[in-house]
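Chemist: Structure below; questions to follow.
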Amino acid sequence: MSSIKILVKNTGLLFLSQMISYILAFFYTLYSARYLGASDFGIISFATAITGLFCILTDLGIGTLTTREVARDYSRTYKYLGNTGSIKIVLSILTVILLTLFVEISNYQETTRIVVYIMGLASIITAISGVFTSMFRAYEEMEYQSISEILSAVSLFIGILLCIYFKYNVIAVATVYLIANSLVLIYNFIVCSKKYGLIHLQWDTNFLKKLIYDSFPLAITSIFALVAFKIDTVMLNVMLTSSATGWYTAAFNLMQALIFIPTVYSTAIMPVFSKLFITSQDTLKVSYEKSLKYLAILSVPIAVGTTILAEKIILFMYGTGYIEAVPVLRTVIWALPAIFFSYILGTSIASINKQHETVKATFLCMVISIIGNAIFIELLGCVGAAIATVITEIGMVIFYMFIMHRNGMGVSISKIFIKPILASIIMGITIYVLNLDLFSSFIIGAIVYFIIIILIKTFDDKDKELLKQVLPTKLLNIIQR
(Lines give C-alpha, C1' and ligand atoms only; values in the text may rest on other atoms or scores of the structure.)
Protein backbone atom coordinates (compact mmCIF):
# COMPACT_ATOMS: atom_id res chain seq x y z
CA MET A 1 0.00 0.00 0.00
CA SER A 2 1.40 3.46 -0.96
CA SER A 3 2.21 6.09 1.67
CA ILE A 4 -0.68 8.22 0.41
CA LYS A 5 -3.19 5.37 0.74
CA ILE A 6 -1.88 4.42 4.18
CA LEU A 7 -2.25 8.05 5.22
CA VAL A 8 -5.79 8.19 3.86
CA LYS A 9 -6.69 4.91 5.59
CA ASN A 10 -5.34 6.10 8.93
CA THR A 11 -6.83 9.56 8.57
CA GLY A 12 -10.18 8.04 7.61
CA LEU A 13 -10.21 5.67 10.56
CA LEU A 14 -9.26 8.38 13.01
CA PHE A 15 -11.71 10.80 11.42
CA LEU A 16 -14.53 8.26 11.76
CA SER A 17 -13.69 7.56 15.39
CA GLN A 18 -13.38 11.25 16.13
CA MET A 19 -16.72 11.94 14.46
CA ILE A 20 -18.40 9.28 16.59
CA SER A 21 -16.63 10.64 19.66
CA TYR A 22 -17.60 14.19 18.71
CA ILE A 23 -21.27 13.31 18.30
CA LEU A 24 -21.31 11.59 21.69
CA ALA A 25 -19.28 14.44 23.23
CA PHE A 26 -21.79 16.88 21.74
CA PHE A 27 -24.55 15.28 23.75
CA TYR A 28 -22.74 14.54 27.01
CA THR A 29 -21.24 18.06 27.05
CA LEU A 30 -24.66 19.52 26.35
CA TYR A 31 -26.34 17.44 29.07
CA SER A 32 -23.62 17.91 31.68
CA ALA A 33 -23.37 21.67 31.11
CA ARG A 34 -27.12 22.11 31.45
CA TYR A 35 -27.40 19.68 34.35
CA LEU A 36 -24.49 21.03 36.39
CA GLY A 37 -25.08 24.70 35.64
CA ALA A 38 -22.38 27.27 34.91
CA SER A 39 -20.83 27.11 38.40
CA ASP A 40 -20.31 23.32 38.72
CA PHE A 41 -19.47 23.06 35.02
CA GLY A 42 -16.82 25.68 35.74
CA ILE A 43 -15.38 23.47 38.50
CA ILE A 44 -15.04 20.55 36.07
CA SER A 45 -13.44 22.88 33.52
CA PHE A 46 -10.99 24.27 36.05
CA ALA A 47 -10.05 20.79 37.28
CA THR A 48 -9.46 19.64 33.70
CA ALA A 49 -7.24 22.64 33.00
CA ILE A 50 -5.15 22.50 36.17
CA THR A 51 -4.60 18.73 36.03
CA GLY A 52 -3.72 19.04 32.34
CA LEU A 53 -0.97 21.48 33.27
CA PHE A 54 0.50 19.12 35.86
CA CYS A 55 0.11 15.96 33.80
CA ILE A 56 2.29 17.28 30.98
CA LEU A 57 5.10 16.10 33.28
CA THR A 58 4.02 12.49 32.65
CA ASP A 59 5.04 12.62 28.99
CA LEU A 60 7.77 15.23 28.44
CA GLY A 61 7.71 14.67 24.68
CA ILE A 62 8.54 10.97 25.03
CA GLY A 63 5.40 9.83 23.19
CA THR A 64 6.12 11.88 20.06
CA LEU A 65 9.76 10.82 20.01
CA THR A 66 8.78 7.15 20.43
CA THR A 67 6.39 7.35 17.47
CA ARG A 68 9.03 8.99 15.30
CA GLU A 69 11.86 6.61 16.13
CA VAL A 70 9.91 3.35 16.10
CA ALA A 71 8.26 4.36 12.79
CA ARG A 72 11.74 4.58 11.30
CA ASP A 73 12.93 1.26 12.74
CA TYR A 74 10.48 -1.33 14.09
CA SER A 75 13.30 -3.29 15.74
CA ARG A 76 13.34 -0.59 18.43
CA THR A 77 9.83 -1.49 19.57
CA TYR A 78 10.62 -3.52 22.69
CA LYS A 79 13.38 -1.18 23.79
CA TYR A 80 11.10 1.84 23.64
CA LEU A 81 8.05 0.03 24.99
CA GLY A 82 9.83 -1.27 28.09
CA ASN A 83 11.79 1.87 28.92
CA THR A 84 9.05 4.40 28.21
CA GLY A 85 6.68 2.34 30.35
CA SER A 86 9.12 2.52 33.27
CA ILE A 87 9.87 6.22 32.97
CA LYS A 88 6.17 7.09 32.64
CA ILE A 89 5.37 5.30 35.89
CA VAL A 90 8.09 7.27 37.68
CA LEU A 91 6.91 10.55 36.14
CA SER A 92 3.30 9.75 37.09
CA ILE A 93 4.26 9.26 40.75
CA LEU A 94 6.12 12.58 40.68
CA THR A 95 3.09 14.29 39.13
CA VAL A 96 0.77 12.93 41.85
CA ILE A 97 3.08 14.31 44.54
CA LEU A 98 3.29 17.77 42.93
CA LEU A 99 -0.47 17.96 42.27
CA THR A 100 -1.20 16.95 45.87
CA LEU A 101 1.13 19.64 47.21
CA PHE A 102 -0.50 22.24 44.99
CA VAL A 103 -4.03 21.34 46.05
CA GLU A 104 -3.18 21.20 49.74
CA ILE A 105 -1.59 24.66 49.84
CA SER A 106 -4.36 26.22 47.75
CA ASN A 107 -7.49 27.68 49.26
CA TYR A 108 -10.04 25.75 47.23
CA GLN A 109 -13.44 24.58 48.38
CA GLU A 110 -13.74 20.92 49.36
CA THR A 111 -15.73 20.00 46.25
CA THR A 112 -13.18 21.62 43.96
CA ARG A 113 -10.32 19.82 45.72
CA ILE A 114 -11.96 16.41 45.34
CA VAL A 115 -12.78 17.00 41.69
CA VAL A 116 -9.19 18.08 40.98
CA TYR A 117 -7.84 14.90 42.60
CA ILE A 118 -10.21 12.69 40.58
CA MET A 119 -9.52 14.43 37.28
CA GLY A 120 -5.79 14.35 38.03
CA LEU A 121 -5.84 10.58 38.48
CA ALA A 122 -7.86 10.24 35.28
CA SER A 123 -5.28 12.29 33.39
CA ILE A 124 -2.39 10.21 34.74
CA ILE A 125 -4.10 7.02 33.58
CA THR A 126 -4.42 8.55 30.11
CA ALA A 127 -0.71 9.43 30.15
CA ILE A 128 0.27 5.84 30.93
CA SER A 129 -2.10 4.63 28.21
CA GLY A 130 -0.12 6.84 25.83
CA VAL A 131 2.75 4.34 25.96
CA PHE A 132 0.63 1.96 23.91
CA THR A 133 -0.94 4.65 21.72
CA SER A 134 2.55 5.69 20.58
CA MET A 135 3.08 2.17 19.24
CA PHE A 136 -0.22 2.17 17.34
CA ARG A 137 0.87 5.40 15.66
CA ALA A 138 4.40 4.20 14.92
CA TYR A 139 3.07 1.08 13.20
CA GLU A 140 0.43 3.19 11.41
CA GLU A 141 -2.31 0.92 12.79
CA MET A 142 -4.68 3.69 13.74
CA GLU A 143 -7.70 1.38 13.94
CA TYR A 144 -6.71 0.44 17.49
CA GLN A 145 -6.44 4.06 18.57
CA SER A 146 -9.77 4.71 16.88
CA ILE A 147 -11.48 1.95 18.88
CA SER A 148 -10.01 3.26 22.15
CA GLU A 149 -11.33 6.74 21.40
CA ILE A 150 -14.81 5.39 20.69
CA LEU A 151 -14.64 3.32 23.89
CA SER A 152 -13.79 6.45 25.86
CA ALA A 153 -16.60 8.48 24.30
CA VAL A 154 -19.22 5.76 24.80
CA SER A 155 -18.17 5.28 28.43
CA LEU A 156 -18.37 9.01 29.12
CA PHE A 157 -21.71 9.30 27.37
CA ILE A 158 -23.30 6.43 29.32
CA GLY A 159 -21.71 7.48 32.61
CA ILE A 160 -22.84 11.09 32.42
CA LEU A 161 -26.36 10.07 31.43
CA LEU A 162 -26.47 7.80 34.50
CA CYS A 163 -25.27 10.68 36.69
CA ILE A 164 -28.05 12.87 35.38
CA TYR A 165 -30.68 10.12 35.73
CA PHE A 166 -29.73 9.39 39.34
CA LYS A 167 -29.15 13.10 40.08
CA TYR A 168 -25.53 12.64 41.15
CA ASN A 169 -23.30 15.64 41.87
CA VAL A 170 -20.22 17.07 40.17
CA ILE A 171 -17.91 14.64 42.00
CA ALA A 172 -19.72 11.69 40.42
CA VAL A 173 -19.41 13.32 37.00
CA ALA A 174 -15.65 13.62 37.52
CA THR A 175 -15.51 9.95 38.51
CA VAL A 176 -17.01 9.02 35.15
CA TYR A 177 -13.87 10.41 33.47
CA LEU A 178 -11.71 8.26 35.75
CA ILE A 179 -13.65 5.10 34.87
CA ALA A 180 -13.64 5.83 31.13
CA ASN A 181 -9.89 6.45 31.06
CA SER A 182 -9.27 3.24 33.02
CA LEU A 183 -11.24 1.20 30.48
CA VAL A 184 -9.18 2.68 27.66
CA LEU A 185 -5.94 1.82 29.46
CA ILE A 186 -7.04 -1.81 29.86
CA TYR A 187 -8.01 -2.04 26.18
CA ASN A 188 -4.74 -0.49 24.97
CA PHE A 189 -2.69 -2.79 27.18
CA ILE A 190 -4.45 -5.92 25.90
CA VAL A 191 -4.17 -4.96 22.21
CA CYS A 192 -0.57 -3.81 22.45
CA SER A 193 0.41 -7.02 24.27
CA LYS A 194 -1.17 -9.17 21.56
CA LYS A 195 0.23 -7.15 18.65
CA TYR A 196 3.74 -6.27 19.79
CA GLY A 197 4.35 -8.52 22.77
CA LEU A 198 3.77 -8.24 26.50
CA ILE A 199 5.45 -5.17 27.91
CA HIS A 200 8.50 -5.94 30.03
CA LEU A 201 9.49 -2.91 32.06
CA GLN A 202 13.14 -2.01 31.58
CA TRP A 203 15.47 0.55 33.08
CA ASP A 204 18.35 1.09 30.70
CA THR A 205 20.01 4.14 32.23
CA ASN A 206 22.04 5.08 29.16
CA PHE A 207 19.06 4.63 26.85
CA LEU A 208 16.80 6.69 29.13
CA LYS A 209 19.37 9.46 29.38
CA LYS A 210 19.49 9.70 25.60
CA LEU A 211 15.69 9.42 25.39
CA ILE A 212 15.17 12.27 27.84
CA TYR A 213 17.91 14.34 26.17
CA ASP A 214 16.37 13.90 22.70
CA SER A 215 12.83 14.50 23.94
CA PHE A 216 13.73 17.47 26.14
CA PRO A 217 12.99 20.10 23.45
CA LEU A 218 9.63 18.43 22.79
CA ALA A 219 8.97 18.34 26.55
CA ILE A 220 9.74 22.00 27.11
CA THR A 221 7.76 22.93 24.02
CA SER A 222 4.77 20.88 25.23
CA ILE A 223 4.90 22.46 28.69
CA PHE A 224 5.06 26.00 27.32
CA ALA A 225 2.33 25.28 24.73
CA LEU A 226 0.02 23.67 27.28
CA VAL A 227 0.44 26.54 29.74
CA ALA A 228 -0.33 28.97 26.92
CA PHE A 229 -3.41 26.91 25.99
CA LYS A 230 -4.78 26.18 29.49
CA ILE A 231 -3.82 29.22 31.56
CA ASP A 232 -6.91 31.17 30.47
CA THR A 233 -9.28 28.80 32.31
CA VAL A 234 -7.13 28.83 35.43
CA MET A 235 -6.83 32.63 35.48
CA LEU A 236 -10.57 33.08 34.87
CA ASN A 237 -11.32 30.91 37.88
CA VAL A 238 -8.88 32.92 40.01
CA MET A 239 -9.75 36.42 38.75
CA LEU A 240 -13.52 36.03 38.24
CA THR A 241 -15.92 33.23 39.25
CA SER A 242 -16.71 29.58 38.52
CA SER A 243 -19.73 30.77 36.54
CA ALA A 244 -17.53 32.96 34.31
CA THR A 245 -15.23 29.99 33.83
CA GLY A 246 -18.24 27.90 32.84
CA TRP A 247 -19.41 30.45 30.25
CA TYR A 248 -15.96 30.70 28.74
CA THR A 249 -15.43 26.93 28.72
CA ALA A 250 -18.83 26.36 27.11
CA ALA A 251 -17.76 28.50 24.14
CA PHE A 252 -14.17 27.28 24.15
CA ASN A 253 -15.25 23.62 24.12
CA LEU A 254 -17.24 24.16 20.93
CA MET A 255 -14.12 25.50 19.25
CA GLN A 256 -11.90 22.87 20.84
CA ALA A 257 -14.15 20.04 19.67
CA LEU A 258 -13.25 20.94 16.08
CA ILE A 259 -9.56 20.49 16.82
CA PHE A 260 -10.10 16.78 16.19
CA ILE A 261 -9.61 17.58 12.48
CA PRO A 262 -5.92 18.68 12.68
CA THR A 263 -5.35 16.23 15.54
CA VAL A 264 -6.45 13.31 13.37
CA TYR A 265 -4.48 14.50 10.38
CA SER A 266 -1.27 15.34 12.25
CA THR A 267 -1.41 12.00 14.10
CA ALA A 268 -1.68 10.11 10.82
CA ILE A 269 0.90 12.25 9.00
CA MET A 270 3.63 12.11 11.68
CA PRO A 271 5.11 8.68 10.70
CA VAL A 272 4.74 9.55 7.02
CA PHE A 273 6.60 12.86 7.40
CA SER A 274 9.29 11.17 9.50
CA LYS A 275 9.95 8.62 6.75
CA LEU A 276 9.84 11.23 3.96
CA PHE A 277 12.48 13.28 5.77
CA ILE A 278 14.83 10.31 5.30
CA THR A 279 13.72 9.17 1.83
CA SER A 280 12.45 12.25 -0.08
CA GLN A 281 12.60 15.77 1.32
CA ASP A 282 11.12 17.22 -1.88
CA THR A 283 8.00 15.09 -1.39
CA LEU A 284 7.95 16.11 2.25
CA LYS A 285 7.86 19.80 1.32
CA VAL A 286 5.01 19.26 -1.14
CA SER A 287 3.04 17.22 1.41
CA TYR A 288 3.58 19.86 4.09
CA GLU A 289 2.43 22.65 1.76
CA LYS A 290 -0.66 20.73 0.69
CA SER A 291 -1.50 19.95 4.32
CA LEU A 292 -1.59 23.65 5.18
CA LYS A 293 -3.72 24.36 2.12
CA TYR A 294 -6.35 21.75 2.94
CA LEU A 295 -6.58 22.80 6.58
CA ALA A 296 -7.04 26.43 5.54
CA ILE A 297 -9.87 25.36 3.22
CA LEU A 298 -11.57 23.65 6.17
CA SER A 299 -10.91 26.10 9.02
CA VAL A 300 -11.65 29.52 7.52
CA PRO A 301 -15.35 28.86 6.65
CA ILE A 302 -15.89 27.32 10.10
CA ALA A 303 -14.62 30.52 11.73
CA VAL A 304 -16.75 32.78 9.52
CA GLY A 305 -19.89 30.67 9.86
CA THR A 306 -19.57 30.33 13.63
CA THR A 307 -19.13 34.09 14.03
CA ILE A 308 -22.44 34.70 12.26
CA LEU A 309 -24.35 31.83 13.89
CA ALA A 310 -22.83 32.09 17.40
CA GLU A 311 -26.05 33.04 19.22
CA LYS A 312 -28.06 30.26 17.58
CA ILE A 313 -25.33 27.73 18.36
CA ILE A 314 -25.06 28.68 22.06
CA LEU A 315 -28.82 28.74 22.61
CA PHE A 316 -29.22 25.37 20.90
CA MET A 317 -26.32 23.78 22.77
CA TYR A 318 -26.65 25.21 26.27
CA GLY A 319 -29.82 27.28 26.57
CA THR A 320 -30.40 30.83 27.81
CA GLY A 321 -28.31 30.22 30.95
CA TYR A 322 -25.19 30.48 28.80
CA ILE A 323 -26.11 33.54 26.73
CA GLU A 324 -22.96 35.27 28.08
CA ALA A 325 -20.95 32.75 26.08
CA VAL A 326 -22.10 34.16 22.71
CA PRO A 327 -19.51 36.98 22.40
CA VAL A 328 -16.86 34.57 23.70
CA LEU A 329 -17.61 32.08 20.92
CA ARG A 330 -17.61 34.83 18.27
CA THR A 331 -14.12 35.78 19.40
CA VAL A 332 -12.42 32.52 20.31
CA ILE A 333 -13.44 30.75 17.09
CA TRP A 334 -10.83 32.86 15.28
CA ALA A 335 -8.13 30.92 17.06
CA LEU A 336 -9.24 27.85 15.09
CA PRO A 337 -7.41 28.50 11.77
CA ALA A 338 -4.22 29.22 13.71
CA ILE A 339 -4.62 26.05 15.79
CA PHE A 340 -5.18 24.00 12.64
CA PHE A 341 -1.91 25.34 11.26
CA SER A 342 0.06 24.98 14.49
CA TYR A 343 -0.71 21.25 14.67
CA ILE A 344 0.74 20.57 11.22
CA LEU A 345 3.62 22.97 11.78
CA GLY A 346 4.53 21.32 15.08
CA THR A 347 4.37 17.85 13.50
CA SER A 348 6.47 18.99 10.54
CA ILE A 349 9.13 20.55 12.76
CA ALA A 350 9.41 17.37 14.85
CA SER A 351 9.59 15.17 11.74
CA ILE A 352 12.64 17.08 10.41
CA ASN A 353 14.40 16.80 13.79
CA LYS A 354 14.19 20.53 14.52
CA GLN A 355 12.05 20.27 17.65
CA HIS A 356 14.70 22.08 19.72
CA GLU A 357 13.97 25.24 17.72
CA THR A 358 10.40 25.41 19.02
CA VAL A 359 11.42 26.03 22.64
CA LYS A 360 11.88 29.79 22.27
CA ALA A 361 8.71 30.12 20.20
CA THR A 362 6.47 28.33 22.68
CA PHE A 363 8.07 30.17 25.60
CA LEU A 364 7.24 33.51 23.97
CA CYS A 365 3.68 32.32 23.32
CA MET A 366 3.33 31.28 26.96
CA VAL A 367 4.47 34.74 28.08
CA ILE A 368 2.08 36.39 25.60
CA SER A 369 -0.77 34.21 26.91
CA ILE A 370 -0.14 34.94 30.59
CA ILE A 371 0.29 38.70 30.10
CA GLY A 372 -2.57 38.86 27.59
CA ASN A 373 -4.98 37.02 29.88
CA ALA A 374 -4.00 39.15 32.88
CA ILE A 375 -4.70 42.36 30.94
CA PHE A 376 -7.71 41.38 28.85
CA ILE A 377 -9.57 39.41 31.54
CA GLU A 378 -9.29 42.42 33.83
CA LEU A 379 -10.65 44.69 31.09
CA LEU A 380 -13.16 42.49 29.24
CA GLY A 381 -13.78 39.39 31.38
CA CYS A 382 -14.50 36.20 29.43
CA VAL A 383 -14.18 37.92 26.06
CA GLY A 384 -10.77 39.15 27.14
CA ALA A 385 -9.63 35.57 27.69
CA ALA A 386 -10.85 34.72 24.18
CA ILE A 387 -8.90 37.64 22.69
CA ALA A 388 -5.75 36.50 24.50
CA THR A 389 -6.23 32.99 23.10
CA VAL A 390 -6.52 34.24 19.53
CA ILE A 391 -3.43 36.43 19.85
CA THR A 392 -1.44 33.58 21.40
CA GLU A 393 -2.36 31.06 18.70
CA ILE A 394 -1.57 33.48 15.87
CA GLY A 395 1.78 34.17 17.53
CA MET A 396 2.48 30.44 17.67
CA VAL A 397 1.87 30.07 13.92
CA ILE A 398 4.10 33.03 13.08
CA PHE A 399 6.98 31.65 15.13
CA TYR A 400 6.56 28.11 13.79
CA MET A 401 6.40 29.25 10.17
CA PHE A 402 9.59 31.22 10.68
CA ILE A 403 11.29 28.01 11.86
CA MET A 404 10.07 26.09 8.81
CA HIS A 405 11.11 28.92 6.48
CA ARG A 406 14.59 28.97 8.00
CA ASN A 407 14.87 25.23 7.32
CA GLY A 408 13.94 25.49 3.65
CA MET A 409 10.20 24.84 4.07
CA GLY A 410 8.82 28.32 3.48
CA VAL A 411 5.31 28.77 2.04
CA SER A 412 3.20 31.71 0.92
CA ILE A 413 0.47 32.36 3.50
CA SER A 414 -1.42 34.76 1.20
CA LYS A 415 -1.51 32.12 -1.53
CA ILE A 416 -2.91 29.56 0.91
CA PHE A 417 -5.58 31.79 2.46
CA ILE A 418 -6.83 34.13 -0.26
CA LYS A 419 -9.27 31.74 -1.97
CA PRO A 420 -10.73 30.20 1.23
CA ILE A 421 -11.26 33.73 2.61
CA LEU A 422 -13.01 34.88 -0.57
CA ALA A 423 -15.29 31.83 -0.62
CA SER A 424 -15.99 32.19 3.12
CA ILE A 425 -17.02 35.85 2.75
CA ILE A 426 -19.54 34.94 0.05
CA MET A 427 -20.80 32.07 2.21
CA GLY A 428 -21.07 34.35 5.26
CA ILE A 429 -23.06 36.99 3.40
CA THR A 430 -25.41 34.31 2.11
CA ILE A 431 -26.26 32.77 5.49
CA TYR A 432 -26.52 36.22 7.12
CA VAL A 433 -28.98 37.51 4.53
CA LEU A 434 -31.07 34.32 4.46
CA ASN A 435 -31.20 34.16 8.29
CA LEU A 436 -32.44 30.57 8.35
CA ASP A 437 -32.52 28.16 11.27
CA LEU A 438 -29.22 26.73 12.50
CA PHE A 439 -29.14 23.45 10.58
CA SER A 440 -30.42 24.95 7.33
CA SER A 441 -27.71 27.61 7.62
CA PHE A 442 -25.06 24.89 8.03
CA ILE A 443 -26.23 23.03 4.94
CA ILE A 444 -26.70 26.08 2.70
CA GLY A 445 -23.39 27.54 3.89
CA ALA A 446 -21.46 24.37 3.12
CA ILE A 447 -23.00 24.06 -0.34
CA VAL A 448 -22.32 27.71 -1.25
CA TYR A 449 -18.76 27.53 0.08
CA PHE A 450 -17.69 24.45 -1.83
CA ILE A 451 -19.34 25.65 -5.05
CA ILE A 452 -17.32 28.87 -4.84
CA ILE A 453 -14.14 26.95 -3.92
CA ILE A 454 -14.51 24.86 -7.08
CA LEU A 455 -15.49 27.80 -9.32
CA ILE A 456 -12.42 29.84 -8.36
CA LYS A 457 -10.19 26.83 -9.14
CA THR A 458 -8.73 26.27 -5.70
CA PHE A 459 -7.54 22.75 -6.56
CA ASP A 460 -4.62 22.48 -9.02
CA ASP A 461 -3.13 19.58 -10.99
CA LYS A 462 -1.11 18.34 -8.01
CA ASP A 463 -4.29 18.15 -5.94
CA LYS A 464 -5.93 16.11 -8.68
CA GLU A 465 -2.91 13.82 -8.86
CA LEU A 466 -3.13 13.21 -5.12
CA LEU A 467 -6.82 12.43 -5.55
CA LYS A 468 -5.94 9.83 -8.17
CA GLN A 469 -3.60 8.14 -5.69
CA VAL A 470 -6.29 8.09 -3.04
CA LEU A 471 -9.32 6.89 -4.97
CA PRO A 472 -9.70 3.23 -6.01
CA THR A 473 -8.91 2.51 -9.67
CA LYS A 474 -12.48 1.35 -10.44
CA LEU A 475 -13.95 4.58 -9.09
CA LEU A 476 -11.47 6.63 -11.11
CA ASN A 477 -12.44 4.78 -14.30
CA ILE A 478 -16.11 5.55 -13.64
CA ILE A 479 -15.36 9.24 -13.02
CA GLN A 480 -13.22 9.53 -16.17
CA ARG A 481 -15.88 8.00 -18.46
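Residues are referred to by chain and number: the chain letter is A, B, ... according to the order shown in the C-alpha coordinates, the number counts from 1 in that chain, and ligands are numbered separately from 1 in the order shown.
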Determine, counting only C-alpha atoms, which protein, DNA and RNA residues have an atom within 12 Å of an atom of Ser86 (chain A); residues of the same chain fewer than 4 positions away are not included. Present the result as a PyMOL selection string.
Modeler: chain A and resi 58-59+62+79-82+90-93+128+131+199-205+208
Chemist: Enter the distance from CA of Ser148 (chain A) to CA of Gly120 (chain A), in Å, rounded to one decimal.
Modeler: 19.8 Å
Chemist: List the neighbours of Asn253 (chain A) out to 10 Å using only C-alpha atoms; skip same-chain residues closer than 5 positions along the sequence, and give me the result as a ChimeraX atom specification.
Modeler: /A:26,29,45,248,258-259,329
Chemist: From the list A:Ile212, A:Ile454, A:Met135, A:Ile387, which residue is nearest Ala374 (chain A) when using only C-alpha atoms?
Modeler: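 Checking each of A:Ile212, A:Ile454, A:Met135, A:Ile387 against Ala374 (chain A), counting only C-alpha atoms, the winner is A:Ile387.
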Chemist: Between A:Ala138, A:Val238, A:Leu292, A:Val300, which residue has the minimum interatomic distance to Ala71 (chain A), considering only C-alpha atoms?
Modeler: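 Closest to Ala71 (chain A) of all the choices is A:Ala138.
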Chemist: Between A:Ala385, A:Leu422, A:Ile308, A:Ile23, which is the closest to Asn237 (chain A) once you count only C-alpha atoms?
Modeler: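 When distances to Asn237 (chain A) are compared using only C-alpha atoms, the smallest one comes from A:Ala385.
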Chemist: For CA of Thr283 (chain A) and CA of Pro301 (chain A), quote the distance in Å rounded to one decimal.
Modeler: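 Between these atoms lies a distance of 28.3 Å.
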Chemist: Pick the closest to Gly52 (chain A) from A:Arg113, A:Lys88, A:Lys293, A:Lys230: which is it, counting only C-alpha atoms?
Modeler: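 Of A:Arg113, A:Lys88, A:Lys293, A:Lys230, the one nearest Gly52 (chain A), counting only C-alpha atoms, is A:Lys230.
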Chemist: Quick one: residues within 8 Å of Gly428 (chain A), only C-alpha atoms, excluding same-chain residues fewer than 2 positions away - as a PyMOL selection string?
Modeler: chain A and resi 304-305+308+424-426+430-432+445
Chemist: For Val286 (chain A), which of A:Leu436, A:Ile125, A:Ile105, A:Val411 is the closest residue, counting only C-alpha atoms?
Modeler: A:Val411
Chemist: Here is a test: counting only C-alpha atoms, which residue of A:Ser129, A:Ile158, A:Ile451, A:Phe207 is nearest to Arg76 (chain A)?
Modeler: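 Using only C-alpha atoms, Arg76 (chain A) sits closest to A:Phe207.
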